[in-house]
Amino acid sequence: ADAACRTQHKDAGNDADAPSVGHAVGRNTPAVRPGPVLGPSRMNLRFQTSVASAAEESSAGSVGKSGGASAQGSMVDREIPVVGMNLEAIDNTRVSLPGHIFDVPLRRDILHRVVCWQLAKRRQGTHKTKTRGEVRGGGKKPFSQKGTGKARQGSIRAPQWRKGGVAHGTSPRSYDYTLQKKVRRLGLKVALSSKLSEGMLTVMDSLGVDQPKTKEVVDWLARFGDARRSFLLVDVPARNADADADAGANRLENLKLAARNVRTGVRILPPLGLNVYDILRYDRLVLTPRALEQVVERLDRPIKR
């Protein structure tokens with residue numbers, strides 16, 4: 001056993017730090033050859049390199065058309081430029097984003113609660129199965145109680161019969177439940193803050209196209225750089241009687257018609273319909289200054305208790 005241990009130490013490179021296994025090797029126990037001492041191996045170096053690159057990526061962030069990504073949760077007001085349809089910043093035109101709305105700390109638990117509440121509210125709850133009393137037929141006892149050698153039966157529409165009723169089946173119900181207003185409002189703030197921190201929030205001076213052509217919308221979305229992105233567009237249609245307002249409303253309506261069959265996914269919402277589920281579902285959020293004002297006004301309004 002001692003000779004085997006000396007051979008093993010010699011094969012391991014005569015390293016002074018190599019563990020001794022002579023005391024663990026018996027007369028009838030085969031010697032176990034220890035592996036080389038772990039130092040700065042390739043795996044460790046590869047792991048360190050991946051960690052360093054991940055740290056650099058997280059510090060650099062995801063850069064969007066409206067600016068770079070930044071840390072979330074500092075509650076600081078931010079300013080971002082307003083861009084045109086060509087995604088170029090308009091001179092001396094910036095909007096201020098309040099920190100208590102667009103820079104709140106990330107709360108995944110709040111987002112989860114709000115999304116589950118939204119998905120539960122949209123369920124129709126029209127599922128229905130028939131019980132043994134609702135299935136047609138089965139009013140007569142199929143055979144006598146005794147003398148047949150079979151198990152006693154009272155109806156052929158019992159749950160254990162083929163074509164029988166369903167025991168403990170589903171019935172129409174509402175899946176809606178109440179969620180506190182302050183939790184719903186906080187979820188919307190967290191979702192908006194996450195989009196801004198990821199660099200996926202863009203403020204555009206106006207939304208619309210001259211003609212309801214899908215090709216124009218596809219070409220416009222391709223300017224963002226990734227054809228696989230999905231877009232959530234938020235704008236308020238102008239309802240004034242002047243010609244400019246009518247033209248803006250027509251351009252927005254043309255955009256709605258042209259974006260209906262875009263494969264990447266485009267949805268247009270008014271500021272009142274902005275919700276947490278759609279913000280998280282779509283990659284990039286695009287708002288107009290008018291829609292931004294209404295969103296801020298909506299979230300600053302006192303909660304009616």
# chains A, B, ... in the order shown; residues from 1 in each chain; ligands from 1
$ residues_around --residues "stretch 288-303 of chain A" --least-positions-apart "5" --cutoff "8 Å" --atoms "only C-alpha atoms" --output "PyMOL selection string"
chain A and resi 95+101+181-182+185+203-207+234-236+270-272
$ residues_around --residues "A:Glu79" --least-positions-apart "5" --cutoff "9 Å" --atoms "only C-alpha atoms" --output "list in words"
Arg94, Val95, Ser96, Leu97 and Pro98 of chain A
$ closest_residue --among "A:Thr264, A:Asn254, A:Ser193, A:Asn92" --to "A:Asp226" --atoms "only C-alpha atoms"
A:Thr264
$ residues_around --residues "A:Ala259" --least-positions-apart "6" --cutoff "8 Å" --atoms "only C-alpha atoms" --output "PyMOL selection string"
chain A and resi 214+217+266-267
$ write_last_selection --atoms "all heavy atoms" --output "PDB file, in the first residue's frame"
ATOM      1  N   THR A 214     -49.657  48.097 -45.094  1.00  0.00           N
ATOM      2  CA  THR A 214     -48.862  47.331 -44.149  1.00  0.00           C
ATOM      3  C   THR A 214     -47.382  47.472 -44.429  1.00  0.00           C
ATOM      4  O   THR A 214     -46.564  47.448 -43.508  1.00  0.00           O
ATOM      5  CB  THR A 214     -49.276  45.848 -44.205  1.00  0.00           C
ATOM      6  OG1 THR A 214     -50.679  45.744 -43.971  1.00  0.00           O
ATOM      7  CG2 THR A 214     -48.541  45.034 -43.158  1.00  0.00           C
ATOM      8  N   VAL A 217     -45.845  50.306 -42.499  1.00  0.00           N
ATOM      9  CA  VAL A 217     -45.656  50.007 -41.080  1.00  0.00           C
ATOM     10  C   VAL A 217     -44.460  49.070 -40.886  1.00  0.00           C
ATOM     11  O   VAL A 217     -43.661  49.249 -39.960  1.00  0.00           O
ATOM     12  CB  VAL A 217     -46.936  49.400 -40.494  1.00  0.00           C
ATOM     13  CG1 VAL A 217     -46.743  49.051 -39.024  1.00  0.00           C
ATOM     14  CG2 VAL A 217     -48.097  50.365 -40.662  1.00  0.00           C
ATOM     15  N   VAL A 266     -48.106  44.075 -33.232  1.00  0.00           N
ATOM     16  CA  VAL A 266     -48.259  45.494 -32.938  1.00  0.00           C
ATOM     17  C   VAL A 266     -49.647  45.690 -32.342  1.00  0.00           C
ATOM     18  O   VAL A 266     -50.644  45.209 -32.881  1.00  0.00           O
ATOM     19  CB  VAL A 266     -48.089  46.370 -34.204  1.00  0.00           C
ATOM     20  CG1 VAL A 266     -48.307  47.836 -33.866  1.00  0.00           C
ATOM     21  CG2 VAL A 266     -46.721  46.167 -34.816  1.00  0.00           C
ATOM     22  N   ARG A 267     -49.716  46.409 -31.238  1.00  0.00           N
ATOM     23  CA  ARG A 267     -50.991  46.729 -30.614  1.00  0.00           C
ATOM     24  C   ARG A 267     -51.012  48.212 -30.283  1.00  0.00           C
ATOM     25  O   ARG A 267     -50.023  48.762 -29.797  1.00  0.00           O
ATOM     26  CB  ARG A 267     -51.218  45.911 -29.356  1.00  0.00           C
ATOM     27  CG  ARG A 267     -52.617  46.132 -28.773  1.00  0.00           C
ATOM     28  CD  ARG A 267     -52.943  45.185 -27.664  1.00  0.00           C
ATOM     29  NE  ARG A 267     -54.344  45.315 -27.279  1.00  0.00           N
ATOM     30  CZ  ARG A 267     -54.914  44.663 -26.282  1.00  0.00           C
ATOM     31  NH1 ARG A 267     -54.187  43.822 -25.557  1.00  0.00           N
ATOM     32  NH2 ARG A 267     -56.192  44.829 -25.996  1.00  0.00           N
TER      33      ARG A 267
END
$ atom_distance --atom1 "atom CA of A:Arg122" --atom2 "atom CA of A:Tyr277"
11.6 Å
$ select_by_dssp --residues "stretch 63-181 of chain A" --states "strand (DSSP E)" --output "list in words"
Arg78, Glu79, Ile80, Pro81, Val82, Val83, Ala89, Ile90, Asp91, Asn92, Thr93, Arg94, Val95, Ser96 and Leu97 of chain A
$ closest_residue --among "A:Arg228, A:Met200, A:Gly208, A:Lys128" --to "A:Gly84" --atoms "only C-alpha atoms"
A:Gly208
